[in-house]
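Report on the structure given below.
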Amino acid sequence: MPITDTSQRKKFLAQSNVYLPHIVVVDKIIEETPSVRTLHFNFKDEKLRKEFTFESGQFAELSIFGIGEATFCISSSPTRNDHLECAINRVGLVTNAMHRLSVGAETGFRGPYGNSFPLELMRGKNLVFVGGGIGLAPLRSIIWNVLDNRDKYGNIDIIYGARSPADLCFKYDLDSWSQDKTVNMITTVDKGDENWIGREGFVPSILEQVAPSAKNAIAIVCGPPIMIRRTFPVLQKLGFTPEQMITTLEKRMKCGIGKCGRCNIGNLYVCRDGPVFTYAQIKNFISDEY
Amino acid sequence: MTTKKIRKKDIGKLLGIWSQEFSVIVPSKEEGVAKMDRWDGKDISFLDWYRNTVVPSKDNFLPPMEKMFSFQKNRDGYHIEVPQDEQKQLIFGIRPCDARGIAIIDKVFTDTYEDRYYLSKRKNTILIGLSCTNPYDSCFCISLGLKPTESADVDLMFTDMGDEFLIEETADKGEELLAAASVVKEATKADEAKAKTVKATASGMVMRRIDTKDVGEKLQARFSDKDYWEKVAAKCISCGVCTFLCPTCFCFDICDELVKKQGARYRGWDSCSFRLYTKMPMENPREEKWQRVRQKVCHKFEFYPMNYDVIACTGCGRCIRLCPVNWDITQILSRLPGSVTSQSHK
Amino acid sequence: MEQVLRKEARKLLEEEKVDYIVGFAPGSLKFSTTPLITKEKEEIASLVINPFIVNNLAKFLTEVRGRVGIVAKGCDSRSIVSLIQDNQVVKEDVVIIGVPCSGLIDIVKVENLVGKDRDEIDDIALQGEKVVVTAGGKKRELPTKEVFFEHCLGCEFPTPQEYDTLIGEPVAALGDKELSRKKIKELQDMTPEQRWAFWKEQFRRCIRCYACRQACPACFCERCFVEESQPQWVSSVPQWQDNLIFQVIRNIHVAGRCTDCGECERVCPQNIPLRSLSKKMSDLVEEMFHYKAGIDRSAPALMSAYEHAEAEDLIR
């Protein structure tokens, strides 16, 4: 079943020039791990602050003027709309500059772009969220979205892992979800430290152990490519069909609006036809992606 | 639509009339390289030597480097300024393959979000076509459904009949453009017949062919065949010549320049042939050359048609003529399993 | 000569001394050749030797995996030696099939002199010291001095210095120092202001296709300096200043490795006279360090070797 949602695309176009960023101001910074920080920000313009909406799964292009632009998924949920959040992994020129921003700094924001998680498809189903490392960022948007409308969904399993305890992101969310009795929260690390008392093991192996049922279920996977590559076969073994497996992909992007040609997988552009895809949509071109 | 004609030596006068309203752009040569440039007001010798430019006319709408906006950091925040729209232009002498190339990439720049930079230039530019009476041996436009002597993508079409040029109006704007020009006369039936012969001869000179039937499916069948693509890609050197000089390639990069507190954001040409084109922090899905060559071929002949119903190639042959290693797309496609072996020019 | 070459290449494949053969095959344009990189014995039959074998095949040595039997002209063999000196290629993995080269025809020069493009020319035949061009029924004789590449006219090592087999007999060098430096002399006769204005105009036309860098065997860096973003040395869009700096730094990086194969200039789609820079650089290298690239396989690479007793008068 296709996931594309064209109505969202043109929803927020306050400016006639789609390449011009809006100005946003950073109002809070959370240092998640040594290399990941979350920025909370809001539009400088009052009107935009009130009117802006987006859907879980969509992304934005954040600019540091003079350095460049980079793509980030919006990690906050549209159900908690008083501010926006993005998680920044410090890996290159722009992200290093974003790690030097302080509260009150102004950056550029273009978005929301892309499609979103298919809430209508997920309603009434059991949901299995599988995340790795910073891959939890887009997932947390949809998880809070779902939890804020809990009665519309079935069982919820969240299986999340990182390389080490220090690399776990959104620890405050992991705590909330562990305490939520309607959620089965499983956290793992590839390798624990002396204080770690939780599970140890790669996410796909833990998934196989937990073995959530594929009956009336949808799996949503996000993480580093190697994790996704190893998770799909496990889900297939558990009985998930290609249409039941959803992922959100990341590729190098520049324009974010399907013009610069860079982020394609086959004929699909991650920025325009994604980033949310079913495995069925991408399996023909998967050898180009992974 | 009526047909008109003009004496070859009067074309300068016609360009002069147009110069009063437009910035007229014609074929010219710089350091031996044919390109489209501002008309100097006098020289029409290009009518004798011009075959096609090295850089296609897409550079008028998607230039190699373009300022998107400038920014300045003031006390109260960032001040952003967008460059002014350009003046009206008229490109005289565009070939049907290049005009079609622009029509093909129009689809990308109008899809869902309008690309203001490209479209404002497009709105401000008139294309006047010139029939190809001397195609290269590397041309294969006919296989892509084009004719070297006709174009639906221009407002007027000029055809060289010797001392005179036939002018065909292909769009409403065409009539307007010719209205003020007394050097333009009505064409006779004999003129039309003469032009028809010239056109038939020109079309007959395009010898190279490719088999486009089901090419998308054939490529899909080969998609995961690493050995096949390694052979195809073996002699490519991963430069950007074919993509930069292709009328239907449009990939671009966006980057910022900064000096102290002011700077600008630019966009410029980029190419899927470059190794870092798809590089991400942890991995690069197209690290190997065969993956990039596969992307280039499949994008043009499989993915673009899946999205926009048209093959992203116009048969202009520049990629064959200018490739440093003579990598030849027509040979690749004719050797694709399932294709009819084409008669390619030796 | 071609038959000997094909026999030798076939033998190398059959005796499994190499995994690939890299040579020249007929191109799909008139008067052109194209690199052939193959494992198949059947494809060996298409190997050719003619005055249009322009590519520097050494470029492929840094990416083909396995043992390679490579066809090398004089300049190419020096590039291979230079790569060995830089530890990019292991000699044991390469079988050099040397092809003495008396000079290659620059099709662009022929086109300009005859006033016709290559597809309008019927025949080009090299006959000793002249080239006979047949077009539109008319024959024209042109001296090789007017149609050979400039770098061929100045070639000092037409016979490969390093080879495992030599196809044919060694040939004499053309070695005309003046003819191969015509453009350089023009530039040297200019004032610095004129020269700057000249290069500014040239680099305004550069589109940063990187054909020059990709065709050059000496450019073997996995990550070129233009691809660095931390720090960003050069803008990724083609402003003339960045285009000029790119070429200047590229020439500094290939100093001591450039063998004047002329590919950079030939492949440039904008006809920028890049060889004027690289040839001048090789001349400077020879003047300052008495060194020519790719001559002695066992010698250390010029720019990566340090001798304590070296002259330091360049440091001011």
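Just remember, in the structure tokens the first chain shown is A, the second B, etc., residues are 1-based per chain, and ligands are 1-based in the order shown.
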
Could you list, as an mmCIF file with N, CA and C atoms, in the first residue's frame, every residue within 7 Å of Leu166 in chain B, counting only C-alpha atoms and ignoring same-chain residues fewer than 3 positions away?
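What ended up in result27.cif:
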data_model
loop_
_atom_site.group_PDB
_atom_site.id
_atom_site.type_symbol
_atom_site.label_atom_id
_atom_site.label_comp_id
_atom_site.auth_asym_id
_atom_site.auth_seq_id
_atom_site.Cartn_x
_atom_site.Cartn_y
_atom_site.Cartn_z
ATOM 1 N N LYS B 4 7.056 31.437 -43.509
ATOM 2 C CA LYS B 4 7.669 32.629 -44.058
ATOM 3 C C LYS B 4 9.093 32.287 -44.482
ATOM 4 N N LYS B 5 9.783 33.296 -45.023
ATOM 5 C CA LYS B 5 11.181 33.068 -45.331
ATOM 6 C C LYS B 5 11.953 34.364 -45.190
ATOM 7 N N ILE B 6 13.266 34.194 -45.146
ATOM 8 C CA ILE B 6 14.140 35.364 -45.009
ATOM 9 C C ILE B 6 15.438 35.051 -45.733
ATOM 10 N N PHE B 158 13.789 27.799 -37.954
ATOM 11 C CA PHE B 158 14.461 28.249 -39.172
ATOM 12 C C PHE B 158 15.097 27.052 -39.853
ATOM 13 N N THR B 159 14.978 26.977 -41.164
ATOM 14 C CA THR B 159 15.644 25.899 -41.903
ATOM 15 C C THR B 159 16.453 26.499 -43.033
ATOM 16 N N ASP B 160 17.706 26.112 -43.107
ATOM 17 C CA ASP B 160 18.643 26.641 -44.101
ATOM 18 C C ASP B 160 18.405 25.996 -45.457
ATOM 19 N N MET B 161 17.935 26.808 -46.428
ATOM 20 C CA MET B 161 17.721 26.253 -47.761
ATOM 21 C C MET B 161 18.813 26.713 -48.726
ATOM 22 N N ALA B 195 12.464 23.161 -48.740
ATOM 23 C CA ALA B 195 12.811 22.912 -47.340
ATOM 24 C C ALA B 195 12.552 21.467 -46.965
#

Q. If we count only C-alpha atoms, which residues of chain A reach to within 6 Å of chain B? Please list them as JSON, numbers by chain.
A. {"A": [66, 67, 68, 252, 259, 260, 261, 267, 289]}

Residue subset to file, keeping N, CA and C atoms, as a compact mmCIF listing (two decimals), in the first residue's frame:
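Output below, filename again04.txt:
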# COMPACT_ATOMS: atom_id res chain seq x y z
N GLY A 66 26.17 30.51 5.77
CA GLY A 66 27.60 30.62 5.57
C GLY A 66 28.32 29.28 5.69
N ILE A 67 27.65 28.30 6.30
CA ILE A 67 28.26 26.97 6.40
C ILE A 67 27.52 26.01 5.48
N GLY A 68 26.19 25.97 5.61
CA GLY A 68 25.44 25.11 4.71
C GLY A 68 24.14 24.63 5.33
N ARG A 252 21.95 11.12 1.51
CA ARG A 252 22.50 12.47 1.40
C ARG A 252 21.51 13.33 0.61
N LYS A 259 14.42 17.84 -6.50
CA LYS A 259 14.93 18.49 -7.71
C LYS A 259 16.41 18.26 -7.97
N CYS A 260 17.20 18.17 -6.91
CA CYS A 260 18.64 18.12 -7.17
C CYS A 260 19.10 16.73 -7.58
N GLY A 261 18.24 15.75 -7.50
CA GLY A 261 18.52 14.44 -8.09
C GLY A 261 19.31 13.48 -7.23
N ASN A 267 13.57 4.88 -8.88
CA ASN A 267 12.84 6.06 -9.33
C ASN A 267 12.24 6.83 -8.16
N GLU A 289 20.85 0.70 -2.44
CA GLU A 289 20.81 1.41 -1.18
C GLU A 289 21.71 0.75 -0.15

Q. So which residues of range 13-191 of chain B fall under strand (DSSP E) by DSSP, listed as a PyMOL selection string?
A. chain B and resi 23-30+33-38+65-74+77-81+89-94+125-130+156-160+164-169+185-186

Put those residues in a file: N, CA and C atoms, as a compact mmCIF listing (two decimals), in the first residue's frame.
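Dumped to again07.txt:
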# COMPACT_ATOMS: atom_id res chain seq x y z
N SER B 23 17.55 40.42 -24.94
CA SER B 23 18.98 40.19 -25.02
C SER B 23 19.13 38.98 -25.94
N VAL B 24 19.71 39.17 -27.10
CA VAL B 24 19.75 38.10 -28.10
C VAL B 24 20.99 37.24 -27.90
N ILE B 25 20.79 35.95 -27.89
CA ILE B 25 21.87 34.99 -27.66
C ILE B 25 22.00 34.10 -28.87
N VAL B 26 23.21 33.99 -29.39
CA VAL B 26 23.43 33.22 -30.62
C VAL B 26 24.65 32.31 -30.43
N PRO B 27 24.82 31.35 -31.34
CA PRO B 27 26.03 30.53 -31.27
C PRO B 27 27.26 31.39 -31.53
N SER B 28 28.31 31.12 -30.75
CA SER B 28 29.57 31.82 -30.97
C SER B 28 30.70 30.90 -30.58
N LYS B 29 31.91 31.34 -30.82
CA LYS B 29 33.05 30.47 -30.48
C LYS B 29 33.99 31.21 -29.56
N GLU B 30 34.45 30.51 -28.52
CA GLU B 30 35.47 31.10 -27.66
C GLU B 30 36.55 30.05 -27.48
N VAL B 33 35.73 26.76 -28.76
CA VAL B 33 34.63 26.01 -28.17
C VAL B 33 33.32 26.69 -28.54
N ALA B 34 32.41 25.97 -29.20
CA ALA B 34 31.14 26.56 -29.61
C ALA B 34 30.22 26.68 -28.42
N LYS B 35 29.63 27.83 -28.26
CA LYS B 35 28.72 28.03 -27.13
C LYS B 35 27.71 29.09 -27.49
N MET B 36 26.68 29.23 -26.66
CA MET B 36 25.68 30.27 -26.85
C MET B 36 26.13 31.48 -26.05
N ASP B 37 26.16 32.65 -26.71
CA ASP B 37 26.61 33.84 -26.01
C ASP B 37 25.88 35.06 -26.56
N ARG B 38 26.00 36.16 -25.86
CA ARG B 38 25.32 37.38 -26.31
C ARG B 38 25.79 37.79 -27.69
N MET B 65 26.79 27.98 -12.22
CA MET B 65 26.86 28.55 -10.88
C MET B 65 25.80 29.63 -10.78
N GLU B 66 25.04 29.62 -9.69
CA GLU B 66 23.94 30.57 -9.60
C GLU B 66 23.77 31.00 -8.15
N LYS B 67 23.62 32.30 -7.94
CA LYS B 67 23.43 32.77 -6.57
C LYS B 67 21.95 32.63 -6.22
N MET B 68 21.64 31.97 -5.11
CA MET B 68 20.24 31.81 -4.74
C MET B 68 19.78 32.96 -3.87
N PHE B 69 20.59 33.30 -2.89
CA PHE B 69 20.30 34.50 -2.10
C PHE B 69 21.56 34.87 -1.34
N SER B 70 21.62 36.13 -0.95
CA SER B 70 22.73 36.55 -0.12
C SER B 70 22.19 36.81 1.28
N PHE B 71 23.08 36.72 2.26
CA PHE B 71 22.63 36.95 3.63
C PHE B 71 23.65 37.81 4.35
N GLN B 72 23.14 38.53 5.33
CA GLN B 72 24.00 39.41 6.11
C GLN B 72 23.53 39.34 7.54
N LYS B 73 24.49 39.19 8.46
CA LYS B 73 24.09 39.11 9.87
C LYS B 73 24.16 40.51 10.47
N ASN B 74 22.98 41.03 10.84
CA ASN B 74 22.93 42.33 11.50
C ASN B 74 22.65 42.11 12.98
N GLY B 77 19.47 40.18 13.61
CA GLY B 77 19.28 38.86 12.99
C GLY B 77 19.79 38.83 11.57
N TYR B 78 19.31 37.88 10.81
CA TYR B 78 19.77 37.69 9.44
C TYR B 78 18.90 38.45 8.45
N HIS B 79 19.55 39.12 7.52
CA HIS B 79 18.86 39.81 6.45
C HIS B 79 19.15 39.06 5.15
N ILE B 80 18.09 38.58 4.50
CA ILE B 80 18.27 37.75 3.31
C ILE B 80 17.78 38.49 2.08
N GLU B 81 18.55 38.42 1.00
CA GLU B 81 18.14 39.10 -0.22
C GLU B 81 18.24 38.17 -1.42
N GLN B 89 15.16 37.34 -22.68
CA GLN B 89 16.19 36.80 -23.56
C GLN B 89 15.58 36.12 -24.75
N LEU B 90 16.34 36.05 -25.83
CA LEU B 90 15.92 35.29 -26.98
C LEU B 90 17.12 34.46 -27.41
N ILE B 91 16.97 33.16 -27.42
CA ILE B 91 18.06 32.29 -27.86
C ILE B 91 17.79 31.91 -29.29
N PHE B 92 18.69 32.32 -30.19
CA PHE B 92 18.51 32.03 -31.60
C PHE B 92 19.44 30.90 -32.01
N GLY B 93 18.89 29.85 -32.60
CA GLY B 93 19.75 28.79 -33.14
C GLY B 93 19.80 27.54 -32.29
N ILE B 94 18.83 27.38 -31.39
CA ILE B 94 18.86 26.16 -30.57
C ILE B 94 18.43 24.97 -31.42
N THR B 125 12.43 33.74 -21.41
CA THR B 125 13.28 33.37 -22.55
C THR B 125 12.47 32.81 -23.69
N ILE B 126 12.79 33.26 -24.89
CA ILE B 126 12.15 32.72 -26.10
C ILE B 126 13.17 31.86 -26.81
N LEU B 127 12.74 30.70 -27.28
CA LEU B 127 13.64 29.80 -28.00
C LEU B 127 13.31 29.81 -29.48
N ILE B 128 14.31 30.12 -30.30
CA ILE B 128 14.14 30.08 -31.75
C ILE B 128 15.01 28.96 -32.28
N GLY B 129 14.38 28.00 -32.93
CA GLY B 129 15.10 26.80 -33.35
C GLY B 129 15.75 26.96 -34.71
N LEU B 130 16.78 26.14 -34.91
CA LEU B 130 17.47 26.10 -36.20
C LEU B 130 17.60 24.64 -36.59
N LEU B 156 9.76 29.51 -33.11
CA LEU B 156 9.95 29.59 -34.56
C LEU B 156 11.00 28.58 -34.94
N MET B 157 10.89 28.03 -36.14
CA MET B 157 11.90 27.08 -36.61
C MET B 157 12.47 27.57 -37.93
N PHE B 158 13.79 27.80 -37.95
CA PHE B 158 14.46 28.25 -39.17
C PHE B 158 15.10 27.05 -39.85
N THR B 159 14.98 26.98 -41.16
CA THR B 159 15.64 25.90 -41.90
C THR B 159 16.45 26.50 -43.03
N ASP B 160 17.71 26.11 -43.11
CA ASP B 160 18.64 26.64 -44.10
C ASP B 160 18.40 26.00 -45.46
N GLU B 164 18.42 31.27 -48.67
CA GLU B 164 17.27 31.70 -47.88
C GLU B 164 16.99 30.67 -46.78
N PHE B 165 16.33 31.19 -45.74
CA PHE B 165 15.92 30.30 -44.65
C PHE B 165 14.40 30.26 -44.60
N LEU B 166 13.84 29.07 -44.47
CA LEU B 166 12.42 28.95 -44.26
C LEU B 166 12.14 29.21 -42.78
N ILE B 167 11.03 29.91 -42.49
CA ILE B 167 10.68 30.12 -41.08
C ILE B 167 9.30 29.53 -40.84
N GLU B 168 9.23 28.60 -39.90
CA GLU B 168 7.94 28.02 -39.56
C GLU B 168 7.54 28.49 -38.18
N GLU B 169 6.27 28.92 -38.09
CA GLU B 169 5.80 29.32 -36.77
C GLU B 169 5.24 28.09 -36.08
N LYS B 185 9.54 37.56 -45.51
CA LYS B 185 8.54 37.50 -46.58
C LYS B 185 7.70 36.24 -46.45
N GLU B 186 6.63 36.19 -47.20
CA GLU B 186 5.83 34.98 -47.26
C GLU B 186 6.60 33.92 -48.03

Q) Separation of CA of Pro300 in chain C and CA of Asp93 in chain C, in Å? A)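 Between CA of Pro300 in chain C and CA of Asp93 in chain C the gap is 19.4 Å.
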
Q | Nearest candidate to chain C (options A:Pro21, A:Pro138, A:Gly92, A:Pro34; using only C-alpha atoms) | A |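 The closest residue to chain C is A:Gly92.
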
At a cut-off of 7 Å, can you tabulate as a tab-separated table every residue of chain B near chain C together with its closest atom pair and the distance in Å to one decimal, using only C-alpha atoms and ordering rows by chain then number?
residue	atom	partner	partner_atom	distance
B:Glu31	CA	C:Asn271	CA	6.6
B:Val33	CA	C:Gln270	CA	6.1
B:Pro64	CA	C:Ile207	CA	6.5
B:Met65	CA	C:Val237	CA	5.9
B:Tyr136	CA	C:Asp119	CA	6.7
B:Asp137	CA	C:Asp119	CA	6.1
B:Ala234	CA	C:Ile37	CA	6.4
B:Lys235	CA	C:Pro35	CA	6.1
B:Ile237	CA	C:Gln214	CA	5.9
B:Ser238	CA	C:Gln214	CA	6.7
B:Cys239	CA	C:Ala211	CA	4.9
B:Gly240	CA	C:Cys209	CA	4.5
B:Val241	CA	C:Cys209	CA	5.5
B:Phe244	CA	C:Cys209	CA	7.0
B:Gly268	CA	C:Val237	CA	5.3
B:Leu322	CA	C:Pro269	CA	6.7
B:Pro324	CA	C:Val267	CA	5.2
B:Val325	CA	C:Thr34	CA	5.5
B:Asn326	CA	C:Thr34	CA	5.6
B:Lys346	CA	C:Ser28	CA	5.8

Residue selection dump (N, CA and C atoms) as a PDB file, in the first residue's frame:
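So part.pdb came out as:
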ATOM      1  N   GLU B  31      37.784  30.394 -27.874  1.00  0.00           N
ATOM      2  CA  GLU B  31      38.893  29.435 -27.811  1.00  0.00           C
ATOM      3  C   GLU B  31      38.552  28.140 -28.536  1.00  0.00           C
ATOM      4  N   VAL B  33      35.732  26.757 -28.764  1.00  0.00           N
ATOM      5  CA  VAL B  33      34.631  26.006 -28.170  1.00  0.00           C
ATOM      6  C   VAL B  33      33.324  26.692 -28.543  1.00  0.00           C
ATOM      7  N   PRO B  64      25.944  26.897 -14.580  1.00  0.00           N
ATOM      8  CA  PRO B  64      26.941  26.148 -13.812  1.00  0.00           C
ATOM      9  C   PRO B  64      27.079  26.688 -12.392  1.00  0.00           C
ATOM     10  N   MET B  65      26.792  27.976 -12.216  1.00  0.00           N
ATOM     11  CA  MET B  65      26.858  28.549 -10.881  1.00  0.00           C
ATOM     12  C   MET B  65      25.797  29.632 -10.781  1.00  0.00           C
ATOM     13  N   TYR B 136      25.946  15.410 -36.573  1.00  0.00           N
ATOM     14  CA  TYR B 136      27.183  14.659 -36.342  1.00  0.00           C
ATOM     15  C   TYR B 136      26.927  13.170 -36.541  1.00  0.00           C
ATOM     16  N   ASP B 137      28.010  12.414 -36.668  1.00  0.00           N
ATOM     17  CA  ASP B 137      27.833  10.959 -36.739  1.00  0.00           C
ATOM     18  C   ASP B 137      27.521  10.375 -35.359  1.00  0.00           C
ATOM     19  N   ALA B 234      33.812  -0.395 -16.909  1.00  0.00           N
ATOM     20  CA  ALA B 234      35.274  -0.588 -16.813  1.00  0.00           C
ATOM     21  C   ALA B 234      36.102   0.611 -17.248  1.00  0.00           C
ATOM     22  N   LYS B 235      35.797   1.222 -18.399  1.00  0.00           N
ATOM     23  CA  LYS B 235      36.704   2.263 -18.884  1.00  0.00           C
ATOM     24  C   LYS B 235      36.278   3.668 -18.491  1.00  0.00           C
ATOM     25  N   ILE B 237      36.018   6.975 -16.404  1.00  0.00           N
ATOM     26  CA  ILE B 237      36.973   7.507 -15.428  1.00  0.00           C
ATOM     27  C   ILE B 237      36.296   8.394 -14.380  1.00  0.00           C
ATOM     28  N   SER B 238      34.970   8.356 -14.316  1.00  0.00           N
ATOM     29  CA  SER B 238      34.212   9.083 -13.284  1.00  0.00           C
ATOM     30  C   SER B 238      34.444  10.581 -13.283  1.00  0.00           C
ATOM     31  N   CYS B 239      34.588  11.188 -14.434  1.00  0.00           N
ATOM     32  CA  CYS B 239      34.614  12.643 -14.469  1.00  0.00           C
ATOM     33  C   CYS B 239      33.169  13.112 -14.653  1.00  0.00           C
ATOM     34  N   GLY B 240      32.956  14.379 -14.890  1.00  0.00           N
ATOM     35  CA  GLY B 240      31.577  14.860 -15.004  1.00  0.00           C
ATOM     36  C   GLY B 240      31.219  15.342 -16.388  1.00  0.00           C
ATOM     37  N   VAL B 241      32.059  15.050 -17.378  1.00  0.00           N
ATOM     38  CA  VAL B 241      31.830  15.623 -18.709  1.00  0.00           C
ATOM     39  C   VAL B 241      30.468  15.230 -19.283  1.00  0.00           C
ATOM     40  N   PHE B 244      27.600  16.915 -17.231  1.00  0.00           N
ATOM     41  CA  PHE B 244      27.555  18.374 -17.318  1.00  0.00           C
ATOM     42  C   PHE B 244      27.109  18.826 -18.697  1.00  0.00           C
ATOM     43  N   GLY B 268      25.099  24.940  -7.907  1.00  0.00           N
ATOM     44  CA  GLY B 268      25.953  24.690  -9.065  1.00  0.00           C
ATOM     45  C   GLY B 268      25.771  23.261  -9.535  1.00  0.00           C
ATOM     46  N   LEU B 322      32.467  13.889 -26.526  1.00  0.00           N
ATOM     47  CA  LEU B 322      33.371  14.579 -25.614  1.00  0.00           C
ATOM     48  C   LEU B 322      33.875  13.719 -24.474  1.00  0.00           C
ATOM     49  N   PRO B 324      36.203  11.567 -22.437  1.00  0.00           N
ATOM     50  CA  PRO B 324      37.650  11.356 -22.562  1.00  0.00           C
ATOM     51  C   PRO B 324      38.031   9.930 -22.982  1.00  0.00           C
ATOM     52  N   VAL B 325      37.164   8.955 -22.716  1.00  0.00           N
ATOM     53  CA  VAL B 325      37.513   7.584 -23.085  1.00  0.00           C
ATOM     54  C   VAL B 325      36.559   7.002 -24.135  1.00  0.00           C
ATOM     55  N   ASN B 326      35.761   7.857 -24.756  1.00  0.00           N
ATOM     56  CA  ASN B 326      34.841   7.390 -25.787  1.00  0.00           C
ATOM     57  C   ASN B 326      33.928   6.285 -25.274  1.00  0.00           C
ATOM     58  N   LYS B 346      30.481   3.511 -37.750  1.00  0.00           N
ATOM     59  CA  LYS B 346      31.867   3.108 -37.456  1.00  0.00           C
ATOM     60  C   LYS B 346      32.821   4.241 -37.752  1.00  0.00           C
TER      61      LYS B 346
END

Q) When the cut-off is 10 Å and we count only C-alpha atoms, which residues of chain C are near chain A, given as a ChimeraX atom specification? A) /C:228-232

Q: Please indicate the distance in Å from CA of Val110 in chain C to CA of Arg181 in chain C, rounded to one decimal place.
A: 19.3 Å

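Near range 143-158 of chain A, within a cut-off of 8 Å and counting only C-alpha atoms, sit the residues Ser56, Ser77, Pro78, Thr79, Met122, Arg123, Gly124, Lys125, Asn126, Leu127, Val128, Phe129, Val130, Gly131, Leu139, Arg140, Thr182, Val183, Asn184, Met185, Ile186 and Pro212 of chain A, with same-chain residues fewer than 3 positions away left out.
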
(Q) When DSSP is applied to the backbone of this structure, which of range 164-291 of chain C are assigned alpha helix (DSSP H)? Write them out as a PyMOL selection string. (A) chain C and resi 182-188+192-204+211-215+240-254+263-267+274-289

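Here CA of Pro192 in chain C is placed at a distance of 27.3 Å from CA of Lys292 in chain C.
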